[in-house]
Every structure is written in structure tokens, then in C-alpha cells.
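Here the structure is laid out as C-alpha cells; the discussion comes afterwards.
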Amino acid sequence: MTPPAIRVAAAVLVRGGRVLLARRAAHKSQAGLWEFPGGKLEPGEDPAAALVRELKEELGLDATAGPELMRRAHDYDFGRVELIALLCRARDAGSLSSTDHDRLEWAAPAELPSYSLTPADIPLAERLARGDWSDLLGS
């Protein structure tokens, strides 16, 4: 029997037309790879609620989660991850610090595929780079 997928919510957090990426710290699995910030959903938790909680815990950021942009599963050696990406807005994203990542960077959507991303995040980065949601990413 296949174990259930690990459900992960990822934030497409936009500021000035740029998207926030976070690099996984040395003590984490997939260290040094970039990802969209977020985290695992708790049992019964809604993806939007998970993102609001994770962004507060990891970045000290008050944010709201908007529409779902993409949902995709990826198989890792440890199991399947279901990535649920939502567009997010921060009330104030001026000074960020992360408890879970060693670096944060704002990148133009076209630049996203040039980062060394976690495998589950690559399809989202590629779609954002193509401008599939450029009307949503405008601000």
C-alpha cells in the first residue's frame, strides 16, 4: 500500500512584480536548493490557512492567501509530495528573516527557472516564468 502524499502549501508571494524564493539551510534535506516558502499541512488544515501559519512561523510575515495557482505531485525517494501553490499577499514584506532558510531572494518570474530549485517547485517556476499568471503577479 502506498502511503498518502505529504501535502505542502507553497506561497507565490509577490512584491513589485518579483516573487520570493527561499534557500533551504544546510541542516535541512535538499540543502542549498531554492523553493517557494511554505510548509506541510497539518491534518485537516486548509492550504490557505497552512500558508498563513507557515509564513508567520518561518518568516514573521502577516500574509493573506489568495487563489490556487497550481497543484502538482512529485515523487521523491522518501515519498510523494503534493505541492499546492497559492498566490499570497503580505501586509508588510519589507524586512524578512527566516527561521528555516539561510537566504531569501526576490526574483523576477522570468528568472525563476535559473535557480537550483527543489524538484517539486520546478514546474511552478516554469509556469510563472512563461507568464501564465502575469495578470495576478503585477503587483
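Convention: chains lettered A, B, ... in C-alpha cells order; per-chain residue numbering from 1; ligands numbered from 1 as shown.
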
Show which residues sit within 8 Å of Leu86 of chain A, as a list in words. Count only C-alpha atoms, and ignore same-chain residues fewer than 2 positions away. Ala9, Ala10, Ala11, Val12, Ala48, Ala65, Gly66, Pro67, Glu68, Leu69, Met70, Ile84 and Cys88 of chain A

Residues at most 12 Å from Leu55 of chain A, counting only C-alpha atoms, excluding those fewer than 3 positions away in the same chain, as a ChimeraX atom specification? /A:9-13,20,22,36-40,48-52,58-65,88-93,96-100

Could you please write out, as a PDB file with C-alpha atoms, in the first residue's frame, every residue of segment 7-135 of chain A that DSSP assigns to strand (DSSP E)?
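Generated output (result.pdb):
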ATOM      1  CA  ARG A   7       0.607  17.814   1.363  1.00  0.00           C
ATOM      2  CA  VAL A   8       2.658  21.002   1.172  1.00  0.00           C
ATOM      3  CA  ALA A   9       1.405  24.541   0.622  1.00  0.00           C
ATOM      4  CA  ALA A  10       3.728  26.899  -1.265  1.00  0.00           C
ATOM      5  CA  ALA A  11       3.407  30.673  -1.357  1.00  0.00           C
ATOM      6  CA  VAL A  12       3.811  32.650  -4.528  1.00  0.00           C
ATOM      7  CA  LEU A  13       4.482  35.828  -2.587  1.00  0.00           C
ATOM      8  CA  VAL A  14       4.705  38.873  -4.831  1.00  0.00           C
ATOM      9  CA  ARG A  15       6.236  42.297  -4.222  1.00  0.00           C
ATOM     10  CA  ARG A  18       9.017  39.875  -8.082  1.00  0.00           C
ATOM     11  CA  VAL A  19       8.460  36.531  -6.353  1.00  0.00           C
ATOM     12  CA  LEU A  20      10.012  35.414  -3.068  1.00  0.00           C
ATOM     13  CA  LEU A  21      12.292  32.372  -3.065  1.00  0.00           C
ATOM     14  CA  ALA A  22      13.911  30.769  -0.034  1.00  0.00           C
ATOM     15  CA  ARG A  23      17.056  28.626   0.030  1.00  0.00           C
ATOM     16  CA  ARG A  24      16.999  25.515   2.198  1.00  0.00           C
ATOM     17  CA  TRP A  34      15.617  27.050  -3.600  1.00  0.00           C
ATOM     18  CA  GLU A  35      11.886  26.765  -3.027  1.00  0.00           C
ATOM     19  CA  GLY A  38       5.545  27.381   2.838  1.00  0.00           C
ATOM     20  CA  GLY A  39       5.253  24.076   4.578  1.00  0.00           C
ATOM     21  CA  LYS A  40       3.367  20.918   5.390  1.00  0.00           C
ATOM     22  CA  ALA A  63       0.006  37.466   4.864  1.00  0.00           C
ATOM     23  CA  THR A  64      -3.211  36.518   3.163  1.00  0.00           C
ATOM     24  CA  ALA A  65      -3.527  33.574   0.809  1.00  0.00           C
ATOM     25  CA  GLY A  66      -5.450  34.019  -2.404  1.00  0.00           C
ATOM     26  CA  PRO A  67      -6.269  31.831  -5.372  1.00  0.00           C
ATOM     27  CA  GLU A  68      -4.696  28.456  -6.019  1.00  0.00           C
ATOM     28  CA  LEU A  69      -2.272  28.683  -8.928  1.00  0.00           C
ATOM     29  CA  MET A  70      -1.160  25.086  -9.271  1.00  0.00           C
ATOM     30  CA  ARG A  71      -1.405  21.644  -7.693  1.00  0.00           C
ATOM     31  CA  ARG A  72       1.133  19.012  -8.597  1.00  0.00           C
ATOM     32  CA  ALA A  73       2.530  15.787  -7.156  1.00  0.00           C
ATOM     33  CA  HIS A  74       6.203  14.860  -7.203  1.00  0.00           C
ATOM     34  CA  ASP A  75       7.739  11.535  -6.196  1.00  0.00           C
ATOM     35  CA  TYR A  76      10.872  11.742  -4.049  1.00  0.00           C
ATOM     36  CA  GLY A  79       7.617   9.521  -0.728  1.00  0.00           C
ATOM     37  CA  ARG A  80       5.182  11.594  -2.733  1.00  0.00           C
ATOM     38  CA  VAL A  81       4.740  15.319  -2.141  1.00  0.00           C
ATOM     39  CA  GLU A  82       1.614  17.138  -3.307  1.00  0.00           C
ATOM     40  CA  LEU A  83       2.552  20.790  -3.794  1.00  0.00           C
ATOM     41  CA  ILE A  84      -0.340  23.244  -3.629  1.00  0.00           C
ATOM     42  CA  ALA A  85       0.722  26.730  -4.720  1.00  0.00           C
ATOM     43  CA  LEU A  86      -1.327  29.788  -3.815  1.00  0.00           C
ATOM     44  CA  LEU A  87      -0.871  33.438  -4.640  1.00  0.00           C
ATOM     45  CA  CYS A  88      -0.158  35.342  -1.412  1.00  0.00           C
ATOM     46  CA  ARG A  89      -0.030  38.967  -0.396  1.00  0.00           C
ATOM     47  CA  ALA A  90       1.963  40.269   2.546  1.00  0.00           C
ATOM     48  CA  HIS A 101      16.173  29.035   5.330  1.00  0.00           C
ATOM     49  CA  ASP A 102      19.651  30.508   5.011  1.00  0.00           C
ATOM     50  CA  ARG A 103      18.776  33.011   2.285  1.00  0.00           C
ATOM     51  CA  LEU A 104      15.751  34.817   0.878  1.00  0.00           C
ATOM     52  CA  GLU A 105      15.613  36.471  -2.525  1.00  0.00           C
ATOM     53  CA  TRP A 106      13.072  38.349  -4.630  1.00  0.00           C
ATOM     54  CA  ALA A 107      13.286  37.185  -8.267  1.00  0.00           C
TER      55      ALA A 107
END

Write out as a PDB file with C-alpha atoms, in the first residue's frame the set of residues from chain A that DSSP, computed on the backbone, places in alpha helix (DSSP H).
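Below is the file that was written, selection07.pdb:
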ATOM      1  CA  PRO A  47      -3.897  25.093   2.240  1.00  0.00           C
ATOM      2  CA  ALA A  48      -4.627  28.814   2.686  1.00  0.00           C
ATOM      3  CA  ALA A  49      -4.660  28.519   6.488  1.00  0.00           C
ATOM      4  CA  ALA A  50      -1.438  26.486   6.365  1.00  0.00           C
ATOM      5  CA  LEU A  51       0.303  29.182   4.349  1.00  0.00           C
ATOM      6  CA  VAL A  52      -0.789  31.985   6.644  1.00  0.00           C
ATOM      7  CA  ARG A  53       0.503  29.948   9.611  1.00  0.00           C
ATOM      8  CA  GLU A  54       3.774  28.885   7.938  1.00  0.00           C
ATOM      9  CA  LEU A  55       4.610  32.387   6.674  1.00  0.00           C
ATOM     10  CA  LYS A  56       4.086  33.743  10.178  1.00  0.00           C
ATOM     11  CA  GLU A  57       6.165  30.968  11.814  1.00  0.00           C
ATOM     12  CA  GLU A  58       9.018  30.884   9.304  1.00  0.00           C
ATOM     13  CA  LEU A  59       9.239  34.492   8.114  1.00  0.00           C
ATOM     14  CA  ILE A 122      10.374  23.423 -10.860  1.00  0.00           C
ATOM     15  CA  PRO A 123       7.025  23.100 -12.733  1.00  0.00           C
ATOM     16  CA  LEU A 124       5.585  26.065 -10.813  1.00  0.00           C
ATOM     17  CA  ALA A 125       8.664  28.198 -11.557  1.00  0.00           C
ATOM     18  CA  GLU A 126       8.459  27.302 -15.240  1.00  0.00           C
ATOM     19  CA  ARG A 127       4.792  28.222 -15.464  1.00  0.00           C
ATOM     20  CA  LEU A 128       5.349  31.515 -13.663  1.00  0.00           C
ATOM     21  CA  ALA A 129       8.284  32.281 -15.981  1.00  0.00           C
TER      22      ALA A 129
END

Could you tell me which of A:Pro4, A:Leu33, A:His27, A:Glu45 comes closest to Ala120 of chain A if we count only C-alpha atoms?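 Looking only at the distances to Ala120 of chain A, the closest residue turns out to be A:Leu33.
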
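Atom CA of Ala31 of chain A lies 25.9 Å from atom CA of Pro43 of chain A.
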
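We find atom CA of Gly16 of chain A and atom CA of Ala110 of chain A to be spaced 13.9 Å apart.
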